[in-house]
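Pasting work-v1.txt here (compact mmCIF, C-alpha atoms and all ligand atoms):
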# COMPACT_ATOMS: atom_id res chain seq x y z
CA MET H 1 0.00 0.00 0.00
CA ASN H 2 1.22 3.41 -0.87
CA ASP H 3 1.35 5.26 2.47
CA SER H 4 0.80 8.55 0.69
CA TYR H 5 -2.85 7.58 0.10
CA LEU H 6 -3.51 7.23 3.80
CA SER H 7 -1.56 10.32 4.81
CA ALA H 8 -3.38 12.39 2.17
CA ALA H 9 -6.73 11.07 3.40
CA ILE H 10 -5.80 11.93 7.00
CA GLU H 11 -4.75 15.45 6.10
CA ILE H 12 -7.90 16.03 4.06
CA ALA H 13 -10.26 14.59 6.71
CA GLN H 14 -8.67 16.72 9.42
CA ASP H 15 -8.95 19.89 7.34
CA ALA H 16 -12.56 19.06 6.43
CA GLY H 17 -13.16 18.52 10.16
CA LYS H 18 -11.97 22.09 10.79
CA ILE H 19 -14.63 23.29 8.34
CA LEU H 20 -17.31 21.33 10.22
CA ILE H 21 -16.26 22.82 13.57
CA GLU H 22 -16.12 26.32 12.09
CA GLU H 23 -19.60 25.95 10.57
CA LEU H 24 -20.93 24.67 13.89
CA SER H 25 -20.57 28.14 15.39
CA ARG H 26 -22.52 29.78 12.56
CA PRO H 27 -26.29 29.92 12.21
CA LEU H 28 -27.39 26.67 10.64
CA ASP H 29 -28.73 26.72 7.12
CA ILE H 30 -30.68 23.47 7.03
CA ARG H 31 -32.23 22.27 3.77
CA TYR H 32 -34.22 19.11 3.22
CA LYS H 33 -33.47 16.53 0.54
CA GLY H 34 -37.05 15.31 0.27
CA ASP H 35 -39.09 15.17 3.48
CA GLU H 36 -38.36 16.84 6.79
CA VAL H 37 -35.94 14.26 8.12
CA ASP H 38 -33.39 14.13 5.32
CA LEU H 39 -31.23 17.10 6.17
CA VAL H 40 -28.36 18.76 4.38
CA THR H 41 -26.50 21.76 5.74
CA GLN H 42 -24.04 24.30 4.46
CA ALA H 43 -21.41 22.29 6.34
CA ASP H 44 -22.06 19.11 4.32
CA LYS H 45 -21.61 21.07 1.10
CA ARG H 46 -18.57 23.10 2.14
CA SER H 47 -16.82 20.04 3.53
CA GLU H 48 -17.52 18.06 0.37
CA ARG H 49 -16.36 20.83 -1.97
CA PHE H 50 -13.12 21.05 -0.05
CA ILE H 51 -12.51 17.27 0.00
CA VAL H 52 -13.31 16.75 -3.68
CA GLU H 53 -11.09 19.65 -4.75
CA ARG H 54 -8.18 18.48 -2.62
CA LEU H 55 -8.47 14.89 -3.87
CA ALA H 56 -8.57 16.12 -7.47
CA LYS H 57 -5.43 18.15 -6.83
CA TYR H 58 -3.49 15.29 -5.22
CA PHE H 59 -4.84 12.44 -7.36
CA PRO H 60 -6.06 13.92 -10.65
CA ASP H 61 -6.53 10.47 -12.23
CA HIS H 62 -8.75 9.07 -9.49
CA ALA H 63 -12.55 8.99 -9.47
CA VAL H 64 -14.39 10.52 -6.51
CA ALA H 65 -17.86 9.40 -5.37
CA ALA H 66 -19.24 11.88 -2.86
CA GLU H 67 -22.63 12.03 -1.16
CA GLU H 68 -23.68 15.54 -2.13
CA GLY H 69 -23.01 14.86 -5.79
CA THR H 70 -19.92 16.94 -6.53
CA GLY H 71 -17.65 13.95 -7.24
CA HIS H 72 -16.42 13.00 -10.69
CA GLU H 73 -15.40 10.02 -12.76
CA SER H 74 -11.74 9.30 -13.43
CA PRO H 75 -10.51 11.27 -16.44
CA SER H 76 -8.14 8.42 -17.34
CA ALA H 77 -10.33 5.38 -16.57
CA SER H 78 -8.09 4.63 -13.56
CA GLU H 79 -9.31 1.90 -11.20
CA PHE H 80 -8.95 4.09 -8.11
CA ARG H 81 -12.08 5.53 -6.53
CA TRP H 82 -12.50 7.60 -3.36
CA HIS H 83 -15.71 7.22 -1.36
CA VAL H 84 -16.48 10.40 0.53
CA ASP H 85 -19.05 11.24 3.18
CA PRO H 86 -18.22 14.87 3.97
CA LEU H 87 -20.40 14.83 7.09
CA ASP H 88 -21.74 11.54 8.40
CA GLY H 89 -24.30 12.23 11.09
CA THR H 90 -25.88 15.38 9.67
CA THR H 91 -28.94 15.09 11.91
CA ASN H 92 -26.71 14.95 15.02
CA TYR H 93 -24.69 17.88 13.68
CA ALA H 94 -27.78 19.98 13.05
CA HIS H 95 -28.90 19.42 16.64
CA GLY H 96 -25.47 20.07 18.15
CA TYR H 97 -25.10 16.44 19.27
CA PRO H 98 -21.36 15.91 18.83
CA CYS H 99 -21.43 12.52 17.17
CA PHE H 100 -20.55 13.18 13.56
CA SER H 101 -17.61 12.49 11.31
CA VAL H 102 -15.82 12.86 8.03
CA SER H 103 -15.44 9.53 6.24
CA ILE H 104 -12.98 9.00 3.39
CA ALA H 105 -11.89 5.72 1.81
CA LEU H 106 -9.91 4.73 -1.26
CA ALA H 107 -10.75 1.60 -3.26
CA GLN H 108 -8.89 0.01 -6.14
CA ARG H 109 -11.70 -1.67 -8.05
CA ASP H 110 -13.38 -3.74 -5.29
CA THR H 111 -10.48 -3.64 -2.85
CA LEU H 112 -10.46 -1.05 -0.09
CA LEU H 113 -6.94 0.30 0.42
CA ALA H 114 -7.10 3.16 2.87
CA ALA H 115 -9.67 4.53 5.30
CA VAL H 116 -10.14 7.49 7.62
CA VAL H 117 -13.06 8.29 9.92
CA PHE H 118 -12.58 11.51 11.88
CA ASN H 119 -14.76 13.03 14.60
CA PRO H 120 -13.48 16.62 14.72
CA PHE H 121 -15.43 17.52 17.87
CA TYR H 122 -13.54 15.02 20.02
CA ASN H 123 -10.48 14.87 17.77
CA GLU H 124 -10.92 11.13 17.32
CA LEU H 125 -9.05 9.84 14.29
CA PHE H 126 -9.60 6.28 13.10
CA THR H 127 -7.33 5.08 10.30
CA ALA H 128 -6.64 1.86 8.41
CA ALA H 129 -4.54 0.70 5.49
CA ARG H 130 -4.99 -2.71 3.87
CA GLY H 131 -2.65 -5.26 5.43
CA GLU H 132 -1.30 -2.73 7.92
CA GLY H 133 -3.93 -2.75 10.66
CA ALA H 134 -6.21 -0.11 12.09
CA ALA H 135 -5.41 2.68 14.52
CA PHE H 136 -7.09 5.19 16.83
CA ASN H 137 -5.17 8.46 17.17
CA GLY H 138 -2.07 6.62 15.94
CA LYS H 139 -2.37 3.66 18.33
CA ARG H 140 -3.17 0.16 17.04
CA ILE H 141 -6.75 -1.00 17.72
CA HIS H 142 -8.44 -4.40 17.76
CA VAL H 143 -12.03 -5.56 17.91
CA SER H 144 -13.37 -6.71 21.27
CA LYS H 145 -13.07 -10.21 22.70
CA VAL H 146 -16.69 -10.50 23.85
CA ALA H 147 -17.76 -13.95 22.71
CA LYS H 148 -21.48 -14.06 23.49
CA LEU H 149 -24.38 -12.00 22.20
CA SER H 150 -25.88 -11.90 25.71
CA THR H 151 -22.92 -9.87 27.01
CA SER H 152 -22.43 -7.74 23.90
CA LEU H 153 -23.01 -4.04 23.33
CA LEU H 154 -24.46 -3.50 19.86
CA CYS H 155 -25.25 -0.60 17.61
CA THR H 156 -27.56 0.04 14.68
CA GLY H 157 -28.98 2.92 12.67
CA PHE H 158 -32.19 3.88 10.91
CA PRO H 159 -32.36 5.30 7.42
CA VAL H 160 -33.69 8.81 6.98
CA ARG H 161 -35.42 7.78 3.77
CA ASN H 162 -38.36 5.34 3.70
CA ARG H 163 -38.57 5.34 7.49
CA LYS H 164 -42.05 3.91 7.51
CA ALA H 165 -40.99 0.95 5.38
CA SER H 166 -38.01 0.24 7.65
CA ALA H 167 -38.13 -3.14 9.34
CA ASN H 168 -35.30 -2.34 11.67
CA LEU H 169 -37.42 -1.67 14.74
CA GLN H 170 -38.11 -5.38 15.00
CA TYR H 171 -34.40 -6.20 14.83
CA TYR H 172 -33.73 -3.38 17.30
CA GLY H 173 -36.23 -4.79 19.80
CA ASP H 174 -35.07 -8.35 19.47
CA PHE H 175 -31.36 -7.61 19.72
CA THR H 176 -32.02 -5.27 22.66
CA GLN H 177 -33.57 -8.12 24.61
CA ARG H 178 -30.76 -10.51 23.77
CA SER H 179 -27.76 -8.28 24.55
CA HIS H 180 -26.48 -5.64 26.96
CA GLY H 181 -28.20 -3.13 24.70
CA VAL H 182 -28.33 -1.56 21.26
CA ARG H 183 -27.08 2.00 20.83
CA ARG H 184 -28.22 4.26 18.01
CA ASP H 185 -25.51 6.87 17.60
CA GLY H 186 -26.43 8.37 14.23
CA SER H 187 -23.15 8.13 12.31
CA ALA H 188 -22.66 4.82 10.55
CA ALA H 189 -18.99 5.61 9.90
CA LEU H 190 -18.36 6.15 13.62
CA ASP H 191 -20.49 3.11 14.49
CA LEU H 192 -18.20 0.95 12.38
CA ALA H 193 -15.10 2.67 13.76
CA SER H 194 -16.41 1.86 17.24
CA VAL H 195 -16.67 -1.83 16.34
CA ALA H 196 -13.05 -1.63 15.13
CA ALA H 197 -12.01 -0.03 18.42
CA GLY H 198 -13.84 -2.62 20.53
CA ARG H 199 -16.37 -0.12 21.91
CA PHE H 200 -19.19 -2.00 20.24
CA ASP H 201 -19.15 -5.75 19.64
CA GLY H 202 -21.48 -5.67 16.65
CA PHE H 203 -23.29 -3.30 14.29
CA TRP H 204 -25.92 -3.81 11.62
CA GLU H 205 -27.92 -1.49 9.40
CA PHE H 206 -30.11 -1.64 6.31
CA GLY H 207 -29.80 0.51 3.22
CA LEU H 208 -26.49 2.28 3.79
CA ALA H 209 -24.70 3.89 0.87
CA LYS H 210 -21.13 3.23 -0.22
CA TRP H 211 -19.84 6.47 1.33
CA ASP H 212 -21.39 5.56 4.70
CA THR H 213 -19.55 2.26 5.02
CA ALA H 214 -16.41 2.21 2.82
CA ALA H 215 -13.99 3.55 5.43
CA GLY H 216 -15.65 1.77 8.36
CA VAL H 217 -15.55 -1.62 6.64
CA LEU H 218 -11.78 -1.46 6.17
CA LEU H 219 -11.37 -0.29 9.77
CA VAL H 220 -13.31 -3.29 11.09
CA GLU H 221 -11.50 -5.76 8.85
CA GLU H 222 -8.06 -4.38 9.70
CA ALA H 223 -8.94 -4.46 13.41
CA GLY H 224 -9.61 -8.20 13.10
CA GLY H 225 -13.42 -8.11 12.75
CA LYS H 226 -15.80 -9.55 10.21
CA VAL H 227 -18.15 -7.82 7.75
CA THR H 228 -20.83 -9.66 5.78
CA ASP H 229 -24.50 -9.48 4.89
CA PHE H 230 -27.07 -11.45 6.90
CA ALA H 231 -26.57 -14.48 4.63
CA GLY H 232 -22.88 -14.54 5.55
CA ASN H 233 -21.69 -13.41 2.12
CA PRO H 234 -18.92 -10.82 1.98
CA TYR H 235 -20.48 -7.36 2.29
CA GLN H 236 -20.58 -5.47 -0.98
CA LEU H 237 -20.43 -1.66 -0.73
CA GLY H 238 -23.96 -0.34 -1.15
CA GLY H 239 -25.50 -3.75 -0.39
CA PRO H 240 -28.94 -3.91 1.29
CA VAL H 241 -27.65 -4.85 4.76
CA ILE H 242 -24.34 -4.78 6.62
CA LEU H 243 -23.35 -6.88 9.63
CA ALA H 244 -20.01 -5.93 11.18
CA THR H 245 -18.82 -7.65 14.34
CA ASN H 246 -15.77 -8.67 16.33
CA GLY H 247 -16.05 -12.03 14.53
CA LEU H 248 -16.80 -13.94 17.75
CA ILE H 249 -20.53 -13.06 17.89
CA HIS H 250 -20.98 -12.98 14.12
CA GLU H 251 -22.71 -16.33 13.67
CA GLU H 252 -24.92 -15.78 16.69
CA MET H 253 -26.04 -12.39 15.38
CA ARG H 254 -26.62 -13.84 11.94
CA THR H 255 -28.76 -16.66 13.34
CA VAL H 256 -30.90 -14.18 15.28
CA ALA H 257 -31.22 -11.90 12.25
CA LEU H 258 -32.34 -14.80 10.06
CA GLU H 259 -34.85 -15.87 12.71
CA ILE H 260 -36.35 -12.38 12.75
CA SER H 261 -36.52 -12.21 8.98
CA ARG H 262 -38.22 -15.63 8.87
CA ARG H 263 -40.79 -14.41 11.38
CA SER H 264 -41.49 -11.34 9.24
CA PRO H 265 -40.35 -12.30 5.72
CA ALA H 266 -41.21 -8.91 4.28
CA ASN H 267 -38.56 -7.40 6.47
CA VAL H 268 -35.24 -8.04 4.81
C1 LIG W 301 -26.63 8.75 8.00
C2 LIG W 301 -25.90 8.24 9.22
C3 LIG W 301 -26.83 7.44 10.11
C4 LIG W 301 -27.49 6.31 9.36
C5 LIG W 301 -28.21 6.84 8.13
C6 LIG W 301 -27.22 7.61 7.24
P1 LIG W 301 -25.79 11.06 6.88
O1 LIG W 301 -25.72 9.45 7.14
O2 LIG W 301 -24.82 7.42 8.85
O3 LIG W 301 -26.15 6.86 11.19
O4 LIG W 301 -28.40 5.66 10.21
O5 LIG W 301 -28.72 5.71 7.43
O6 LIG W 301 -27.91 8.09 6.12
O7 LIG W 301 -27.03 11.31 6.09
O8 LIG W 301 -25.79 11.72 8.19
O9 LIG W 301 -24.54 11.28 6.09
CA CA W 302 -23.74 9.15 5.79
CA CA W 303 -23.46 12.72 4.84

Rewrite the coordinates I just gave you, this time as structure tokens.
Ligand code: IPD
Ligand code: CA
Ligand code: CA
Amino acid sequence: MNDSYLSAAIEIAQDAGKILIEELSRPLDIRYKGDEVDLVTQADKRSERFIVERLAKYFPDHAVAAEEGTGHESPSASEFRWHVDPLDGTTNYAHGYPCFSVSIALAQRDTLLAAVVFNPFYNELFTAARGEGAAFNGKRIHVSKVAKLSTSLLCTGFPVRNRKASANLQYYGDFTQRSHGVRRDGSAALDLASVAAGRFDGFWEFGLAKWDTAAGVLLVEEAGGKVTDFAGNPYQLGGPVILATNGLIHEEMRTVALEISRRSPANV
């Protein structure tokens, strides 16, 4: 792995984080992408503009896929693609709840190479490079060693779109009863980073986009965890459901998830 990819991603995520903190002290300009729960702020847009411009400057041949739509295809058909969420956790951000992040990952075709998730409020920097492990503020991290669902702390999230059609409340209820609890923190990138750091033992969510998960998936894998769909197949970016765990509770979580989906077949 070329270390310059990771160091560029770190630099860019930290500078984008400064933009988010700066914007936090200004009056919020909230817009809605659709109904009144799908928010976008000036901060999302400013952060994305900055990240896309900086990536284009450093890696002019690479493609950039970014949530607010300002990315671009590779001018030279290169196989490198950056997945950018300029502000993951916009709803938290808009309410001043300091659980939000910048998420940046580089993939070469289907292989994730480098990942950064940065919470600028708490200065928490999660990084990973393929084959080189994952780190939190420069220190190596590993997934937890909790081996049973009943003593696990879990996390999930709920999509802002199609909330009424979301089946996740059933999974939320069931997993809550079978574990130490299920947190709902509101930033999928940080949720995955927290699995990598051993804060959570497992995370699942339906309907996440590539930019939500790309960095977090590499973090979990490089920290020794496992990421699949509920059928146990390797998770594909943008797939309908993600299950990321410390590996030890993976099969138990999968069994429970399949049980729930059998009970309510419309729900997967
Ligand atoms: C959202 C967050 C949230 C998840 C939603 C995502 P955004 O991303 O990751 O945790 O539950 O599904 O859309 O919109 O804040 O970038
Ligand atoms: Ca997101
Ligand atoms: Ca976002």

**OP:** Give the answer as one residue: which of H:Phe200, H:Phe206, H:Tyr93, H:Phe59 has the shortest atom-to-atom distance to Phe121 of chain H, using only C-alpha atoms?
**Re:** H:Tyr93

Original post:
Can you tell me how far atom CA of Ala215 of chain H sits from atom CA of Gly69 of chain H, in Å to one decimal?
Top reply: 18.3 Å

Show me, as a PDB file with C-alpha atoms, in the frame of the given file, the residues that have an atom within 6 Å of segment 185-198 of chain H when counting only C-alpha atoms, minus same-chain residues fewer than 4 positions from it.
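Saved to part00.pdb:
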ATOM      1  CA  ASP H  88     -21.740  11.540   8.400  1.00  0.00           C
ATOM      2  CA  GLY H  89     -24.300  12.230  11.090  1.00  0.00           C
ATOM      3  CA  PHE H 100     -20.550  13.180  13.560  1.00  0.00           C
ATOM      4  CA  ILE H 141      -6.750  -1.000  17.720  1.00  0.00           C
ATOM      5  CA  HIS H 142      -8.440  -4.400  17.760  1.00  0.00           C
ATOM      6  CA  VAL H 143     -12.030  -5.560  17.910  1.00  0.00           C
ATOM      7  CA  SER H 144     -13.370  -6.710  21.270  1.00  0.00           C
ATOM      8  CA  ASP H 212     -21.390   5.560   4.700  1.00  0.00           C
ATOM      9  CA  THR H 213     -19.550   2.260   5.020  1.00  0.00           C
ATOM     10  CA  GLY H 216     -15.650   1.770   8.360  1.00  0.00           C
ATOM     11  CA  LEU H 219     -11.370  -0.290   9.770  1.00  0.00           C
ATOM     12  CA  VAL H 220     -13.310  -3.290  11.090  1.00  0.00           C
ATOM     13  CA  ALA H 223      -8.940  -4.460  13.410  1.00  0.00           C
TER      14      ALA H 223
END

**OP:** Check every protein, DNA and RNA residue against ligand CA 303 (chain W), keep those with an atom at most 6 Å away (counting all atoms listed in the file), and present them as an MDAnalysis selection string.
**Re:** chainID H and resid 85:88

Original post:
Could you tell me, as a PyMOL selection string, which residues have any atom at most 9 Å from (-16.9, 21.0, 5.5), counting all atoms listed in the file?
Top reply: chain H and resi 15-23+42-51+86-87+102

Original post:
Nearest to ligand CA 302 (chain W) among H:Met253, H:Val84, H:Val217, H:Ala77, with distances taken over all atoms listed in the file: which residue is it?
Top reply: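 Looking only at the distances to ligand CA 302 (chain W), the closest residue turns out to be H:Val84.
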
Subject >> Interatomic distance, atom C4 of ligand LIG 301 (chain W) to atom CA of Ala66 of chain H (Å, one decimal) >> reply: 15.8 Å

Original post:
Which residues, written as a PyMOL selection string, have at least one atom at most 7 Å from Arg184 of chain H, with only C-alpha atoms counted and residues fewer than 4 positions away on the same chain left out?
Top reply: chain H and resi 155-157

**OP:** Give the answer as one residue: which of H:Ile249, H:Val64, H:Leu258, H:Leu208 has the shortest atom-to-atom distance to Tyr235 of chain H, using all atoms listed in the file?
**Re:** H:Leu208

Rebuild segment 208-219 of chain H so that it carries all heavy atoms, then output the result as a PDB file, keeping the file's coordinate frame.
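result.pdb, written as the output of this step:
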ATOM      1  N   LEU H 208     -27.550   1.263   3.765  1.00  0.00           N
ATOM      2  CA  LEU H 208     -26.490   2.280   3.790  1.00  0.00           C
ATOM      3  C   LEU H 208     -25.854   2.434   2.412  1.00  0.00           C
ATOM      4  O   LEU H 208     -25.796   1.480   1.625  1.00  0.00           O
ATOM      5  CB  LEU H 208     -25.425   1.905   4.827  1.00  0.00           C
ATOM      6  CG  LEU H 208     -25.855   2.076   6.284  1.00  0.00           C
ATOM      7  CD1 LEU H 208     -24.821   1.459   7.220  1.00  0.00           C
ATOM      8  CD2 LEU H 208     -26.077   3.551   6.626  1.00  0.00           C
ATOM      9  N   ALA H 209     -25.360   3.627   2.151  1.00  0.00           N
ATOM     10  CA  ALA H 209     -24.700   3.890   0.870  1.00  0.00           C
ATOM     11  C   ALA H 209     -23.201   3.599   0.975  1.00  0.00           C
ATOM     12  O   ALA H 209     -22.664   3.434   2.072  1.00  0.00           O
ATOM     13  CB  ALA H 209     -24.924   5.354   0.492  1.00  0.00           C
ATOM     14  N   LYS H 210     -22.564   3.561  -0.193  1.00  0.00           N
ATOM     15  CA  LYS H 210     -21.130   3.230  -0.220  1.00  0.00           C
ATOM     16  C   LYS H 210     -20.299   4.192   0.637  1.00  0.00           C
ATOM     17  O   LYS H 210     -19.373   3.788   1.325  1.00  0.00           O
ATOM     18  CB  LYS H 210     -20.611   3.274  -1.657  1.00  0.00           C
ATOM     19  CG  LYS H 210     -21.239   2.204  -2.530  1.00  0.00           C
ATOM     20  CD  LYS H 210     -20.688   2.260  -3.932  1.00  0.00           C
ATOM     21  CE  LYS H 210     -21.365   1.182  -4.779  1.00  0.00           C
ATOM     22  NZ  LYS H 210     -20.781   1.055  -6.110  1.00  0.00           N
ATOM     23  N   TRP H 211     -20.647   5.498   0.582  1.00  0.00           N
ATOM     24  CA  TRP H 211     -19.840   6.470   1.330  1.00  0.00           C
ATOM     25  C   TRP H 211     -20.033   6.340   2.835  1.00  0.00           C
ATOM     26  O   TRP H 211     -19.198   6.772   3.603  1.00  0.00           O
ATOM     27  CB  TRP H 211     -20.134   7.905   0.876  1.00  0.00           C
ATOM     28  CG  TRP H 211     -21.598   8.186   0.716  1.00  0.00           C
ATOM     29  CD1 TRP H 211     -22.519   8.357   1.710  1.00  0.00           C
ATOM     30  CD2 TRP H 211     -22.310   8.286  -0.521  1.00  0.00           C
ATOM     31  NE1 TRP H 211     -23.751   8.563   1.165  1.00  0.00           N
ATOM     32  CE2 TRP H 211     -23.665   8.543  -0.202  1.00  0.00           C
ATOM     33  CE3 TRP H 211     -21.932   8.211  -1.865  1.00  0.00           C
ATOM     34  CZ2 TRP H 211     -24.644   8.704  -1.169  1.00  0.00           C
ATOM     35  CZ3 TRP H 211     -22.911   8.373  -2.829  1.00  0.00           C
ATOM     36  CH2 TRP H 211     -24.249   8.622  -2.483  1.00  0.00           C
ATOM     37  N   ASP H 212     -21.170   5.748   3.258  1.00  0.00           N
ATOM     38  CA  ASP H 212     -21.390   5.560   4.700  1.00  0.00           C
ATOM     39  C   ASP H 212     -20.456   4.491   5.263  1.00  0.00           C
ATOM     40  O   ASP H 212     -20.046   4.574   6.423  1.00  0.00           O
ATOM     41  CB  ASP H 212     -22.822   5.061   4.978  1.00  0.00           C
ATOM     42  CG  ASP H 212     -23.895   6.069   4.630  1.00  0.00           C
ATOM     43  OD1 ASP H 212     -23.751   7.236   5.000  1.00  0.00           O
ATOM     44  OD2 ASP H 212     -24.887   5.669   3.988  1.00  0.00           O
ATOM     45  N   THR H 213     -20.192   3.457   4.458  1.00  0.00           N
ATOM     46  CA  THR H 213     -19.550   2.260   5.020  1.00  0.00           C
ATOM     47  C   THR H 213     -18.110   2.008   4.550  1.00  0.00           C
ATOM     48  O   THR H 213     -17.402   1.236   5.203  1.00  0.00           O
ATOM     49  CB  THR H 213     -20.368   0.991   4.664  1.00  0.00           C
ATOM     50  OG1 THR H 213     -20.488   0.911   3.248  1.00  0.00           O
ATOM     51  CG2 THR H 213     -21.749   1.030   5.297  1.00  0.00           C
ATOM     52  N   ALA H 214     -17.698   2.615   3.424  1.00  0.00           N
ATOM     53  CA  ALA H 214     -16.410   2.210   2.820  1.00  0.00           C
ATOM     54  C   ALA H 214     -15.257   2.280   3.828  1.00  0.00           C
ATOM     55  O   ALA H 214     -14.515   1.297   4.012  1.00  0.00           O
ATOM     56  CB  ALA H 214     -16.114   3.058   1.589  1.00  0.00           C
ATOM     57  N   ALA H 215     -15.118   3.414   4.492  1.00  0.00           N
ATOM     58  CA  ALA H 215     -13.990   3.550   5.430  1.00  0.00           C
ATOM     59  C   ALA H 215     -14.178   2.625   6.633  1.00  0.00           C
ATOM     60  O   ALA H 215     -13.241   1.934   7.058  1.00  0.00           O
ATOM     61  CB  ALA H 215     -13.871   5.009   5.890  1.00  0.00           C
ATOM     62  N   GLY H 216     -15.384   2.576   7.164  1.00  0.00           N
ATOM     63  CA  GLY H 216     -15.650   1.770   8.360  1.00  0.00           C
ATOM     64  C   GLY H 216     -15.418   0.282   8.133  1.00  0.00           C
ATOM     65  O   GLY H 216     -14.942  -0.419   9.030  1.00  0.00           O
ATOM     66  N   VAL H 217     -15.740  -0.195   6.937  1.00  0.00           N
ATOM     67  CA  VAL H 217     -15.550  -1.620   6.640  1.00  0.00           C
ATOM     68  C   VAL H 217     -14.055  -1.977   6.725  1.00  0.00           C
ATOM     69  O   VAL H 217     -13.672  -2.969   7.350  1.00  0.00           O
ATOM     70  CB  VAL H 217     -16.118  -1.964   5.244  1.00  0.00           C
ATOM     71  CG1 VAL H 217     -15.600  -3.307   4.758  1.00  0.00           C
ATOM     72  CG2 VAL H 217     -17.642  -1.966   5.280  1.00  0.00           C
ATOM     73  N   LEU H 218     -13.217  -1.152   6.115  1.00  0.00           N
ATOM     74  CA  LEU H 218     -11.780  -1.460   6.170  1.00  0.00           C
ATOM     75  C   LEU H 218     -11.261  -1.368   7.611  1.00  0.00           C
ATOM     76  O   LEU H 218     -10.432  -2.181   8.038  1.00  0.00           O
ATOM     77  CB  LEU H 218     -10.978  -0.525   5.236  1.00  0.00           C
ATOM     78  CG  LEU H 218      -9.501  -0.890   5.106  1.00  0.00           C
ATOM     79  CD1 LEU H 218      -9.302  -2.274   4.497  1.00  0.00           C
ATOM     80  CD2 LEU H 218      -8.737   0.148   4.275  1.00  0.00           C
ATOM     81  N   LEU H 219     -11.774  -0.398   8.361  1.00  0.00           N
ATOM     82  CA  LEU H 219     -11.370  -0.290   9.770  1.00  0.00           C
ATOM     83  C   LEU H 219     -11.685  -1.575  10.535  1.00  0.00           C
ATOM     84  O   LEU H 219     -10.833  -2.103  11.260  1.00  0.00           O
ATOM     85  CB  LEU H 219     -12.110   0.879  10.441  1.00  0.00           C
ATOM     86  CG  LEU H 219     -11.555   2.273  10.176  1.00  0.00           C
ATOM     87  CD1 LEU H 219     -12.571   3.339  10.547  1.00  0.00           C
ATOM     88  CD2 LEU H 219     -10.272   2.477  10.970  1.00  0.00           C
TER      89      LEU H 219
END
